[in-house]
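**Q** See my_file.cif below, with mmCIF, C-alpha atoms and all ligand atoms.
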```
data_model
#
loop_
_atom_site.label_atom_id
_atom_site.label_comp_id
_atom_site.auth_asym_id
_atom_site.auth_seq_id
_atom_site.Cartn_x
_atom_site.Cartn_y
_atom_site.Cartn_z
CA MET A 31 -10.02 170.57 -26.80
CA THR A 32 -9.91 174.35 -27.04
CA THR A 33 -13.08 176.38 -27.18
CA THR A 34 -13.43 179.72 -28.87
CA ASP A 35 -16.54 180.69 -26.99
CA SER A 36 -15.66 181.55 -23.44
CA GLY A 37 -19.23 181.95 -22.25
CA LYS A 38 -21.55 179.03 -22.94
CA ASN A 39 -24.57 181.01 -21.77
CA TRP A 40 -25.91 181.36 -25.29
CA LEU A 41 -26.47 177.62 -25.25
CA THR A 42 -28.54 177.49 -22.06
CA PRO A 43 -31.92 178.58 -23.51
CA LEU A 44 -31.44 176.31 -26.51
CA LEU A 45 -30.78 173.29 -24.28
CA ALA A 46 -33.72 174.19 -22.06
CA SER A 47 -36.04 174.42 -25.05
CA TRP A 48 -35.02 170.94 -26.22
CA ARG A 49 -35.32 169.48 -22.74
CA ALA A 50 -38.92 170.67 -22.87
CA GLN A 51 -39.48 168.80 -26.14
CA ARG A 52 -39.44 165.33 -24.60
CA ALA A 53 -42.91 164.41 -25.75
CA TRP A 54 -42.21 165.52 -29.32
CA ILE A 55 -38.94 163.55 -29.42
CA LEU A 56 -40.70 160.41 -28.16
CA GLU A 57 -43.39 160.90 -30.82
CA GLN A 58 -40.69 160.99 -33.52
CA GLN A 59 -39.08 157.91 -32.02
CA ILE A 60 -42.33 155.93 -32.13
CA ALA A 61 -43.12 157.08 -35.67
CA ILE A 62 -39.65 155.95 -36.79
CA ALA A 63 -39.86 152.58 -35.00
CA ARG A 64 -43.17 151.89 -36.72
CA VAL A 65 -41.53 151.90 -40.15
CA ALA A 66 -39.81 148.57 -40.80
CA ALA A 67 -36.10 148.77 -41.63
CA PRO A 68 -34.60 145.29 -41.84
CA THR A 69 -30.87 145.29 -42.58
CA GLY A 70 -30.60 145.58 -46.36
CA ASN A 71 -34.08 147.04 -46.70
CA GLU A 72 -33.95 150.41 -44.98
CA SER A 73 -35.28 152.58 -47.81
CA GLU A 74 -38.75 153.29 -46.41
CA ARG A 75 -37.39 154.48 -43.08
CA ALA A 76 -34.60 156.35 -44.88
CA ALA A 77 -37.22 158.19 -46.97
CA LEU A 78 -39.17 159.20 -43.86
CA LEU A 79 -36.12 160.79 -42.24
CA GLN A 80 -34.87 162.27 -45.49
CA GLN A 81 -38.18 164.10 -45.85
CA ASP A 82 -38.00 165.29 -42.25
CA TRP A 83 -34.52 166.77 -42.84
CA ARG A 84 -35.66 168.41 -46.06
CA ASN A 85 -38.56 169.96 -44.17
CA CYS A 86 -35.99 171.45 -41.80
CA GLY A 87 -34.25 173.08 -44.76
CA HIS A 88 -31.30 170.73 -45.21
CA HIS A 89 -29.86 169.77 -48.55
CA VAL A 90 -30.06 165.99 -48.23
CA THR A 91 -28.20 163.46 -50.37
CA SER A 92 -27.73 159.72 -50.36
CA ASP A 93 -24.78 157.60 -51.43
CA GLY A 94 -24.24 154.29 -53.20
CA ALA A 95 -24.98 152.27 -50.07
CA GLY A 96 -28.25 154.10 -49.33
CA ASN A 97 -26.98 156.23 -46.44
CA VAL A 98 -28.81 159.55 -45.95
CA ILE A 99 -26.47 162.51 -45.58
CA ALA A 100 -26.87 166.17 -44.62
CA ARG A 101 -23.96 168.53 -44.28
CA VAL A 102 -23.99 171.68 -42.20
CA ASP A 103 -21.33 174.25 -42.99
CA PRO A 104 -20.28 177.02 -40.61
CA THR A 105 -21.71 180.40 -41.60
CA ALA A 106 -18.74 182.34 -40.22
CA THR A 107 -15.21 181.72 -41.49
CA PRO A 108 -13.63 179.28 -39.06
CA HIS A 109 -10.17 180.19 -37.86
CA ARG A 110 -7.33 177.85 -37.08
CA THR A 111 -9.15 174.69 -38.09
CA ASP A 112 -8.27 172.48 -41.02
CA GLY A 113 -11.88 172.32 -42.21
CA ARG A 114 -12.22 168.61 -41.56
CA PRO A 115 -15.80 167.76 -40.64
CA LEU A 116 -17.21 166.15 -37.54
CA VAL A 117 -19.46 163.24 -38.49
CA CYS A 118 -22.47 162.00 -36.50
CA LEU A 119 -23.84 158.61 -37.47
CA ALA A 120 -27.02 156.78 -36.50
CA HIS A 121 -28.01 153.46 -37.99
CA LEU A 122 -31.35 153.06 -39.73
CA ASP A 123 -31.60 149.29 -39.71
CA THR A 124 -33.02 146.85 -37.20
CA VAL A 125 -32.38 143.14 -36.68
CA PHE A 126 -36.06 142.39 -37.37
CA ASP A 127 -37.26 141.07 -40.70
CA ALA A 128 -40.09 142.64 -42.67
CA ALA A 129 -42.65 140.23 -41.23
CA GLU A 130 -42.05 141.32 -37.61
CA PRO A 131 -45.15 143.17 -36.32
CA LEU A 132 -44.09 146.63 -35.16
CA ALA A 133 -46.92 147.08 -32.68
CA VAL A 134 -46.46 149.85 -30.14
CA ARG A 135 -47.70 149.34 -26.59
CA GLN A 136 -47.36 151.93 -23.85
CA ASP A 137 -47.25 151.15 -20.18
CA GLY A 138 -46.59 154.22 -18.03
CA THR A 139 -43.27 155.70 -19.08
CA ARG A 140 -42.38 152.57 -21.03
CA THR A 141 -42.92 152.03 -24.74
CA TYR A 142 -42.72 148.50 -26.10
CA CYS A 143 -41.87 148.00 -29.78
CA PRO A 144 -39.11 146.09 -31.60
CA GLY A 145 -36.40 148.62 -32.45
CA ILE A 146 -37.86 151.39 -30.28
CA GLY A 147 -34.53 152.00 -28.55
CA ASP A 148 -32.08 150.45 -31.03
CA ASN A 149 -32.09 152.58 -32.97
CA GLY A 150 -35.39 154.48 -32.80
CA ARG A 151 -33.88 156.58 -30.03
CA GLY A 152 -30.70 157.43 -31.93
CA LEU A 153 -32.67 158.34 -35.05
CA ALA A 154 -35.06 160.58 -33.11
CA ALA A 155 -32.00 162.34 -31.67
CA MET A 156 -30.76 162.90 -35.23
CA SER A 157 -34.04 164.74 -35.93
CA VAL A 158 -33.21 166.99 -32.98
CA LEU A 159 -29.65 167.55 -34.21
CA ALA A 160 -30.94 168.33 -37.69
CA ARG A 161 -33.01 171.14 -36.15
CA ILE A 162 -30.37 172.44 -33.75
CA LEU A 163 -27.84 172.70 -36.56
CA ARG A 164 -30.20 174.93 -38.55
CA GLN A 165 -30.13 177.50 -35.74
CA PRO A 166 -28.21 180.60 -36.87
CA ASP A 167 -26.55 181.11 -33.48
CA VAL A 168 -25.19 177.54 -33.58
CA ARG A 169 -24.00 177.72 -37.19
CA ALA A 170 -22.33 181.07 -36.56
CA ARG A 171 -20.18 179.43 -33.89
CA LEU A 172 -19.26 176.28 -35.78
CA GLN A 173 -15.56 175.82 -36.37
CA ARG A 174 -15.99 172.89 -38.75
CA PRO A 175 -18.66 171.32 -40.94
CA ILE A 176 -20.86 168.70 -39.33
CA GLU A 177 -22.12 165.80 -41.38
CA LEU A 178 -25.19 163.93 -40.23
CA VAL A 179 -25.31 160.42 -41.64
CA LEU A 180 -28.08 157.86 -41.29
CA THR A 181 -26.40 154.57 -42.05
CA VAL A 182 -27.68 151.33 -43.53
CA GLY A 183 -26.41 147.86 -42.71
CA GLU A 184 -25.11 148.33 -39.18
CA GLU A 185 -26.71 145.26 -37.63
CA GLY A 186 -25.67 141.61 -37.98
CA GLU A 187 -24.88 140.57 -41.50
CA GLY A 188 -24.97 144.21 -42.62
CA ASN A 189 -21.40 144.28 -41.31
CA LEU A 190 -21.34 148.07 -40.89
CA ARG A 191 -21.82 148.36 -44.63
CA GLY A 192 -23.19 151.92 -44.54
CA ALA A 193 -20.49 153.34 -42.27
CA THR A 194 -17.83 151.55 -44.32
CA GLN A 195 -19.16 153.13 -47.52
CA TRP A 196 -19.21 156.61 -45.98
CA PHE A 197 -15.61 156.33 -44.72
CA ASP A 198 -14.44 154.79 -48.02
CA ASP A 199 -15.98 157.74 -49.88
CA ALA A 200 -14.53 160.28 -47.43
CA SER A 201 -11.13 158.69 -47.84
CA ALA A 202 -11.42 158.74 -51.65
CA ARG A 203 -12.30 162.47 -51.50
CA GLY A 204 -9.37 163.08 -49.15
CA ALA A 205 -11.87 164.46 -46.62
CA MET A 206 -11.66 162.17 -43.63
CA PRO A 207 -13.44 163.63 -40.58
CA VAL A 208 -11.63 164.93 -37.55
CA ALA A 209 -13.81 162.74 -35.30
CA ALA A 210 -16.93 160.57 -35.41
CA VAL A 211 -19.80 160.11 -32.98
CA ALA A 212 -22.19 157.19 -33.41
CA ILE A 213 -25.55 157.76 -31.74
CA ASP A 214 -26.94 154.38 -30.87
CA GLY A 215 -29.82 153.47 -28.57
CA PRO A 216 -30.87 154.95 -25.22
CA GLY A 217 -28.51 155.95 -22.40
CA ASP A 218 -27.03 159.00 -20.73
CA ARG A 219 -23.76 157.89 -19.16
CA THR A 220 -21.90 155.25 -21.16
CA ILE A 221 -19.22 156.26 -23.63
CA VAL A 222 -18.16 153.49 -26.00
CA HIS A 223 -14.55 154.09 -26.96
CA HIS A 224 -13.51 150.46 -27.40
CA ALA A 225 -14.80 148.89 -30.58
CA VAL A 226 -15.21 145.14 -30.37
CA GLY A 227 -14.02 143.62 -33.61
CA SER A 228 -15.43 140.34 -34.79
CA ARG A 229 -15.19 137.73 -37.49
CA ARG A 230 -17.98 135.28 -38.08
CA TRP A 231 -17.24 132.27 -40.21
CA ARG A 232 -19.07 129.28 -41.54
CA ILE A 233 -16.68 126.37 -41.73
CA ALA A 234 -17.96 123.57 -43.95
CA PHE A 235 -16.50 120.09 -44.55
CA THR A 236 -17.58 117.95 -47.48
CA GLY A 237 -16.75 114.37 -48.42
CA VAL A 238 -17.95 111.62 -50.72
CA GLY A 239 -20.06 109.88 -48.06
CA GLY A 240 -20.93 106.20 -48.02
CA HIS A 241 -22.31 103.32 -46.01
CA SER A 242 -21.25 103.52 -42.38
CA TRP A 243 -20.22 99.80 -42.33
CA ALA A 244 -19.13 99.14 -45.90
CA ASN A 245 -17.27 102.45 -46.25
CA ALA A 246 -15.95 102.69 -42.72
CA THR A 247 -12.69 104.41 -43.73
CA THR A 248 -14.39 107.07 -45.86
CA PRO A 249 -13.42 110.48 -44.37
CA ASN A 250 -16.24 111.73 -42.21
CA PRO A 251 -17.11 115.47 -42.27
CA VAL A 252 -18.99 115.25 -38.95
CA HIS A 253 -15.88 113.78 -37.29
CA ALA A 254 -13.79 116.61 -38.71
CA ALA A 255 -16.31 119.18 -37.49
CA GLY A 256 -16.35 117.56 -34.04
CA ALA A 257 -12.54 117.55 -33.79
CA CYS A 258 -12.60 121.14 -34.92
CA ILE A 259 -15.10 122.12 -32.21
CA ALA A 260 -13.01 120.42 -29.51
CA ALA A 261 -9.84 122.21 -30.63
CA ILE A 262 -11.62 125.57 -30.93
CA ALA A 263 -13.00 125.11 -27.40
CA ARG A 264 -9.41 124.67 -26.12
CA LEU A 265 -8.29 127.72 -28.08
CA ALA A 266 -11.23 129.70 -26.64
CA ASP A 267 -10.18 128.82 -23.10
CA ALA A 268 -6.61 129.90 -23.84
CA SER A 269 -7.68 133.16 -25.54
CA ARG A 270 -9.83 134.70 -22.83
CA PRO A 271 -10.13 137.40 -21.59
CA TYR A 272 -8.56 139.34 -24.49
CA GLY A 273 -10.19 137.28 -27.18
CA VAL A 274 -13.48 135.46 -27.19
CA ILE A 275 -14.30 132.56 -29.49
CA ALA A 276 -17.55 130.64 -29.65
CA VAL A 277 -18.86 127.90 -31.91
CA THR A 278 -22.43 129.15 -32.17
CA ARG A 279 -24.17 126.74 -34.56
CA MET A 280 -23.55 123.28 -35.98
CA HIS A 281 -25.14 121.03 -38.52
CA GLY A 282 -24.20 117.88 -40.36
CA GLY A 283 -25.06 114.45 -41.66
CA GLU A 284 -27.94 113.04 -43.65
CA HIS A 285 -28.75 109.48 -42.55
CA LEU A 286 -28.52 107.45 -39.36
CA THR A 287 -26.47 104.75 -41.09
CA GLY A 288 -24.44 106.71 -43.63
CA VAL A 289 -21.03 108.37 -43.55
CA PRO A 290 -22.15 111.99 -44.00
CA THR A 291 -21.28 114.06 -47.05
CA HIS A 292 -21.30 117.36 -45.21
CA ALA A 293 -21.06 119.17 -41.90
CA TRP A 294 -20.70 122.81 -40.95
CA ILE A 295 -20.11 124.90 -37.88
CA ASP A 296 -20.43 128.67 -37.33
CA VAL A 297 -17.73 130.42 -35.32
CA ASP A 298 -17.83 133.88 -33.76
CA LEU A 299 -14.45 135.44 -32.89
CA ARG A 300 -14.22 138.74 -31.02
CA SER A 301 -11.57 141.00 -29.61
CA LEU A 302 -10.81 144.66 -28.96
CA ASP A 303 -7.35 144.13 -30.40
CA PRO A 304 -7.09 143.84 -34.21
CA GLU A 305 -3.79 141.94 -33.93
CA ARG A 306 -5.27 139.37 -31.57
CA LEU A 307 -8.28 138.96 -33.83
CA ARG A 308 -5.95 138.22 -36.74
CA THR A 309 -3.95 135.74 -34.66
CA MET A 310 -7.05 133.91 -33.44
CA ALA A 311 -8.41 133.74 -36.98
CA GLY A 312 -5.11 132.25 -38.17
CA GLU A 313 -5.22 129.64 -35.40
CA VAL A 314 -8.78 128.66 -36.24
CA GLU A 315 -7.76 128.24 -39.88
CA ARG A 316 -4.92 125.93 -38.83
CA ILE A 317 -7.33 123.91 -36.68
CA VAL A 318 -9.69 123.49 -39.64
CA ARG A 319 -6.90 122.35 -41.97
CA ARG A 320 -5.61 119.90 -39.34
CA ALA A 321 -9.11 118.49 -38.67
CA ALA A 322 -9.70 117.89 -42.39
CA LEU A 323 -6.30 116.17 -42.76
CA ASP A 324 -6.72 114.00 -39.65
CA ALA A 325 -10.19 112.85 -40.69
CA SER A 326 -8.85 111.96 -44.15
CA GLN A 327 -5.68 110.11 -43.12
CA HIS A 328 -6.91 106.53 -43.84
CA THR A 329 -8.30 107.29 -47.29
CA PRO A 330 -6.40 110.30 -48.64
CA ALA A 331 -7.83 109.67 -52.11
CA GLN A 332 -11.20 110.73 -50.72
CA ALA A 333 -9.81 113.59 -48.63
CA LEU A 334 -12.34 115.98 -47.15
CA ARG A 335 -12.63 119.41 -48.63
CA TYR A 336 -13.32 122.43 -46.50
CA THR A 337 -14.42 125.99 -47.08
CA ILE A 338 -14.39 129.00 -44.77
CA THR A 339 -17.06 131.54 -45.65
CA THR A 340 -17.09 134.96 -44.01
CA LEU A 341 -20.51 135.77 -42.56
CA GLY A 342 -19.34 138.81 -40.63
CA ASP A 343 -16.26 140.98 -40.40
CA ARG A 344 -16.13 143.99 -38.11
CA PRO A 345 -12.88 145.79 -37.51
CA ALA A 346 -11.64 146.47 -33.97
CA GLY A 347 -10.07 149.63 -32.60
CA MET A 348 -9.97 151.91 -29.59
CA ILE A 349 -9.01 155.24 -28.12
CA ASP A 350 -8.15 155.56 -24.47
CA GLU A 351 -9.91 157.44 -21.70
CA GLN A 352 -7.47 160.35 -21.99
CA HIS A 353 -8.30 161.02 -25.61
CA PRO A 354 -9.77 164.55 -26.04
CA LEU A 355 -12.91 163.09 -27.64
CA VAL A 356 -13.55 160.83 -24.64
CA ILE A 357 -12.73 163.71 -22.29
CA ALA A 358 -15.26 165.91 -24.12
CA ALA A 359 -17.93 163.20 -23.86
CA ALA A 360 -17.17 162.71 -20.17
CA ALA A 361 -17.42 166.47 -19.59
CA ALA A 362 -20.83 166.59 -21.31
CA THR A 363 -21.92 163.64 -19.17
CA ARG A 364 -20.81 165.33 -15.95
CA ALA A 365 -22.41 168.60 -17.02
CA VAL A 366 -25.82 166.91 -16.87
CA GLY A 367 -25.07 165.32 -13.51
CA ARG A 368 -24.25 161.81 -14.65
CA VAL A 369 -21.12 159.77 -13.99
CA PRO A 370 -19.46 158.74 -17.25
CA GLN A 371 -18.86 155.04 -17.83
CA SER A 372 -16.45 153.57 -20.35
CA ALA A 373 -17.84 150.75 -22.45
CA SER A 374 -17.01 148.51 -25.36
CA ALA A 375 -19.43 147.56 -28.12
CA SER A 376 -19.71 146.95 -31.81
CA THR A 377 -21.22 149.99 -33.53
CA ASP A 378 -20.69 152.25 -36.53
CA ALA A 379 -17.79 153.72 -34.50
CA ASN A 380 -15.81 150.53 -35.23
CA VAL A 381 -15.17 151.72 -38.77
CA PRO A 382 -13.49 155.06 -37.96
CA LEU A 383 -11.66 153.58 -34.94
CA SER A 384 -10.17 150.87 -37.13
CA ARG A 385 -8.92 153.59 -39.51
CA GLY A 386 -7.30 155.75 -36.87
CA ILE A 387 -10.11 158.34 -36.71
CA PRO A 388 -11.14 159.16 -33.12
CA ALA A 389 -14.66 157.89 -32.55
CA ILE A 390 -17.12 157.08 -29.79
CA ALA A 391 -20.65 155.78 -29.56
CA ILE A 392 -23.14 157.20 -27.09
CA GLY A 393 -26.82 156.81 -26.31
CA ALA A 394 -29.49 159.44 -26.84
CA GLY A 395 -31.25 159.49 -23.47
CA GLY A 396 -33.80 157.41 -21.63
CA SER A 397 -33.19 153.77 -20.85
CA GLY A 398 -34.25 150.45 -22.24
CA SER A 399 -33.70 146.76 -22.49
CA ALA A 400 -34.31 143.61 -24.52
CA ALA A 401 -32.80 145.14 -27.66
CA HIS A 402 -32.72 142.72 -30.62
CA THR A 403 -35.82 140.92 -29.27
CA ALA A 404 -39.53 141.34 -29.98
CA ASN A 405 -39.96 142.46 -26.34
CA GLU A 406 -37.69 145.46 -26.64
CA TRP A 407 -38.76 148.40 -24.49
CA TYR A 408 -37.72 151.99 -23.98
CA ASP A 409 -38.32 154.08 -20.84
CA ASP A 410 -38.58 157.84 -21.31
CA THR A 411 -37.88 158.73 -17.65
CA ASP A 412 -35.28 161.55 -17.49
CA SER A 413 -34.70 161.26 -21.24
CA ASP A 414 -34.12 165.02 -21.43
CA ILE A 415 -30.86 164.50 -19.53
CA GLY A 416 -29.46 162.26 -22.27
CA ILE A 417 -30.64 164.59 -25.03
CA GLU A 418 -28.95 167.51 -23.29
CA ARG A 419 -25.75 165.49 -22.93
CA LEU A 420 -25.76 164.68 -26.62
CA LEU A 421 -26.46 168.25 -27.70
CA ARG A 422 -23.79 169.63 -25.37
CA LEU A 423 -21.27 167.19 -26.79
CA ILE A 424 -22.02 167.83 -30.46
CA VAL A 425 -22.08 171.61 -29.99
CA ALA A 426 -18.81 171.43 -28.03
CA LEU A 427 -17.14 169.33 -30.73
CA GLY A 428 -18.52 171.48 -33.53
CA THR A 429 -17.43 174.77 -31.96
CA ALA A 430 -14.05 173.73 -30.51
CA GLU A 431 -11.02 175.19 -32.26
CA ARG A 432 -9.02 172.03 -31.82
CA LEU A 433 -10.10 168.47 -31.20
CA SER A 434 -6.67 166.99 -30.67
CA GLY A 435 -4.84 167.19 -27.37
ZN ZN A 501 -27.77 149.82 -32.51
#
```
Spit out the file's structure as structure tokens when you get a sec.
**A**
Amino acid sequence: MTTTDSGKNWLTPLLASWRAQRAWILEQQIAIARVAAPTGNESERAALLQQDWRNCGHHVTSDGAGNVIARVDPTATPHRTDGRPLVCLAHLDTVFDAAEPLAVRQDGTRTYCPGIGDNGRGLAAMSVLARILRQPDVRARLQRPIELVLTVGEEGEGNLRGATQWFDDASARGAMPVAAVAIDGPGDRTIVHHAVGSRRWRIAFTGVGGHSWANATTPNPVHAAGACIAAIARLADASRPYGVIAVTRMHGGEHLTGVPTHAWIDVDLRSLDPERLRTMAGEVERIVRRAALDASQHTPAQALRYTITTLGDRPAGMIDEQHPLVIAAAAATRAVGRVPQSASASTDANVPLSRGIPAIAIGAGGSGSAAHTANEWYDDTDSDIGIERLLRLIVALGTAERLSG
């Protein structure tokens, strides 16, 4: 990374002023977490943040998926850059359904509320970024546009739908970003530059069923599912550590004394390596076909049918520790006195990484635990350190002349 601005002193007062805004940032975070945003139903929370950005003076748009987008253009003419934007993404959705009570309870520096950290913290940080990027002295130094994107459908069955839409659109416009930063949850030291890819399948077997004595040779879907589970367990043992496979749910049968008509299992496959993910998926498919054939061998006329339904599909990808984007994030981490830690996760950064766009995911300060549970909590201790790290990073990436090595 090459910087145009030799002295970074101009940034110091700005960072100090935001470090002093801890209480305000936490207030935003709580207000955001209080608005339900189940995956697929993020519009109320999206509207809240959209209004906040408009109040800051941004021109805010949304796309076909429901993502909220603000673009900040440099005020001075950038030199020696290709004009490709930097994109910052934070997901709007939570894993909680609309019925989940979003009660906030405070205990010292801790705030308890479902979604308070994931991604209340990341979204509150986007409110800070929206304000910082309105500052004339920041915009005057920008070497590239910065797009702020609040994404829908990041969690679970959302399958990174919002991020996928944004990158599809950028690709269709021929305006892919130079780099992407996903801002997800609390934290001030981890840098996610390995995107865990996953495929989640429901594998279902169906047969004609019958009486368990009178129709003893009728192909049995539960037997096929059982054989399938045993074979997948062997494959899982052989695939670790580079690939992880788990049968996570199972169901089947109707009566104690009947050959069942149906059975299904859910399988979760994960890897950092797209090729390995493809290979494992192919092997699981072969196992399923074999199990259906084996269970049908005595009465082929009643052969079992099977279906494989995709419940989740997240692409894998990675950049290494020596990539300029990771180096920039590590430098911002060290600048606030933290030791950077590499990590792997499944975030909005999966989408750009799988398409060859450098991307990382980082937290937005503070700490927390029990994400994706009703007991989720966030601790605001030293949260200003993480906010400063994030601001340093985004300003560095926005004002650097070059982002490639
Ligand atoms: Zn998250």
**Q** How would you write, as a list of chain:residue names, the set of residues no farther than 8 Å from ligand ZN 501 (chain A) when counting all atoms listed in the file?
**A** A:His121, A:Thr124, A:Asp148, A:Asn149, A:Glu184, A:Glu185, A:Asp214, A:Gly215, A:Thr377
**Q** Extending 3 Å beyond the listed atoms of segment 223-235 of chain A on each side, what axis-aligned box results? I want centre and edge lengths in Å to one decimal, as AutoDock Vina command-line options.
**A**
```
--center_x -16.3 --center_y 137.1 --center_z -35.8 --size_x 11.6 --size_y 40.0 --size_z 23.6
```
**Q** List the residues sitting within 8 Å of (-15.6, 129.8, -29.2) in the file's frame, using all atoms listed in the file, as a PDB file with C-alpha atoms, in the frame of the given file.
**A**
```pdb
ATOM      1  CA  ILE A 262     -11.620 125.570 -30.930  1.00  0.00           C
ATOM      2  CA  ALA A 263     -13.000 125.110 -27.400  1.00  0.00           C
ATOM      3  CA  LEU A 265      -8.290 127.720 -28.080  1.00  0.00           C
ATOM      4  CA  ALA A 266     -11.230 129.700 -26.640  1.00  0.00           C
ATOM      5  CA  VAL A 274     -13.480 135.460 -27.190  1.00  0.00           C
ATOM      6  CA  ILE A 275     -14.300 132.560 -29.490  1.00  0.00           C
ATOM      7  CA  ALA A 276     -17.550 130.640 -29.650  1.00  0.00           C
ATOM      8  CA  VAL A 277     -18.860 127.900 -31.910  1.00  0.00           C
ATOM      9  CA  THR A 278     -22.430 129.150 -32.170  1.00  0.00           C
ATOM     10  CA  VAL A 297     -17.730 130.420 -35.320  1.00  0.00           C
ATOM     11  CA  ASP A 298     -17.830 133.880 -33.760  1.00  0.00           C
ATOM     12  CA  LEU A 299     -14.450 135.440 -32.890  1.00  0.00           C
TER      13      LEU A 299
END
```
**Q** Write out as a ChimeraX atom specification which residues come within 6 Å of segment 229-246 of chain A when counting all atoms listed in the file, dropping same-chain ones fewer than 2 positions away.
**A** /A:248,251,287-299,334-343
**Q** Pick the closest to Glu74 of chain A from A:Ala120, A:Val318, A:Leu56, A:Ala128: which is it, counting all atoms listed in the file?
**A**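 Smallest separation from Glu74 of chain A among the options: A:Ala128.
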**Q** Quick one: of A:Gly183, A:Gly94, A:Gly398, A:Gly113, who's nearest to Val125 of chain A, counting all atoms listed in the file?
**A**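 Nearest candidate to Val125 of chain A out of A:Gly183, A:Gly94, A:Gly398, A:Gly113: A:Gly183.
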**Q** Which one is closest to Asp378 of chain A: A:Asn189, A:Thr69, A:Ser301, A:Thr363? Count all atoms listed in the file.
**A** A:Asn189
**Q** Please identify all polymer residues lying at most 8 Å from the point (-32.0, 160.8, -24.1) (file coordinates), using all atoms listed in the file, and present the result as a list in words.
**A** Arg151, Ala155, Pro216, Gly217, Asp218, Gly393, Ala394, Gly395, Gly396, Ser397, Asp410, Asp412, Ser413, Asp414, Ile415, Gly416, Ile417, Glu418, Arg419 and Leu420 of chain A
**Q** Identify, on the basis of only C-alpha atoms, every residue whose closest approach to Gln81 of chain A does not exceed 12 Å; exclude the query and any residue fewer than 3 positions from it along the same chain; express the result as JSON, numbers by chain.
**A** {"A": [74, 75, 76, 77, 78, 84, 85, 86, 87, 88, 89, 90, 91, 98, 99, 100, 157, 160]}
**Q** Can you sort out segment 362-374 of chain A so it carries N, CA and C atoms, written as a CSV table (one decimal), in the frame of the given file?
**A**
```
chain,number,residue,atom,x,y,z
A,362,ALA,N,-19.4,166.4,-21.0
A,362,ALA,CA,-20.8,166.6,-21.3
A,362,ALA,C,-21.7,165.7,-20.4
A,363,THR,N,-21.2,164.5,-20.1
A,363,THR,CA,-21.9,163.6,-19.2
A,363,THR,C,-22.0,164.2,-17.8
A,364,ARG,N,-20.8,164.7,-17.3
A,364,ARG,CA,-20.8,165.3,-16.0
A,364,ARG,C,-21.6,166.6,-15.9
A,365,ALA,N,-21.7,167.3,-17.0
A,365,ALA,CA,-22.4,168.6,-17.0
A,365,ALA,C,-23.9,168.4,-16.8
A,366,VAL,N,-24.4,167.2,-17.1
A,366,VAL,CA,-25.8,166.9,-16.9
A,366,VAL,C,-26.0,166.1,-15.6
A,367,GLY,N,-24.9,166.0,-14.8
A,367,GLY,CA,-25.1,165.3,-13.5
A,367,GLY,C,-25.0,163.8,-13.5
A,368,ARG,N,-24.4,163.3,-14.6
A,368,ARG,CA,-24.2,161.8,-14.6
A,368,ARG,C,-22.8,161.5,-14.5
A,369,VAL,N,-22.5,160.2,-14.1
A,369,VAL,CA,-21.1,159.8,-14.0
A,369,VAL,C,-20.8,159.0,-15.2
A,370,PRO,N,-19.8,159.4,-16.0
A,370,PRO,CA,-19.5,158.7,-17.2
A,370,PRO,C,-19.0,157.3,-17.0
A,371,GLN,N,-19.3,156.4,-17.9
A,371,GLN,CA,-18.9,155.0,-17.8
A,371,GLN,C,-18.3,154.6,-19.2
A,372,SER,N,-17.1,154.1,-19.1
A,372,SER,CA,-16.4,153.6,-20.4
A,372,SER,C,-17.1,152.3,-20.7
A,373,ALA,N,-17.2,152.0,-22.0
A,373,ALA,CA,-17.8,150.8,-22.4
A,373,ALA,C,-17.2,150.3,-23.8
A,374,SER,N,-17.4,149.0,-24.1
A,374,SER,CA,-17.0,148.5,-25.4
A,374,SER,C,-18.2,147.9,-26.0
```
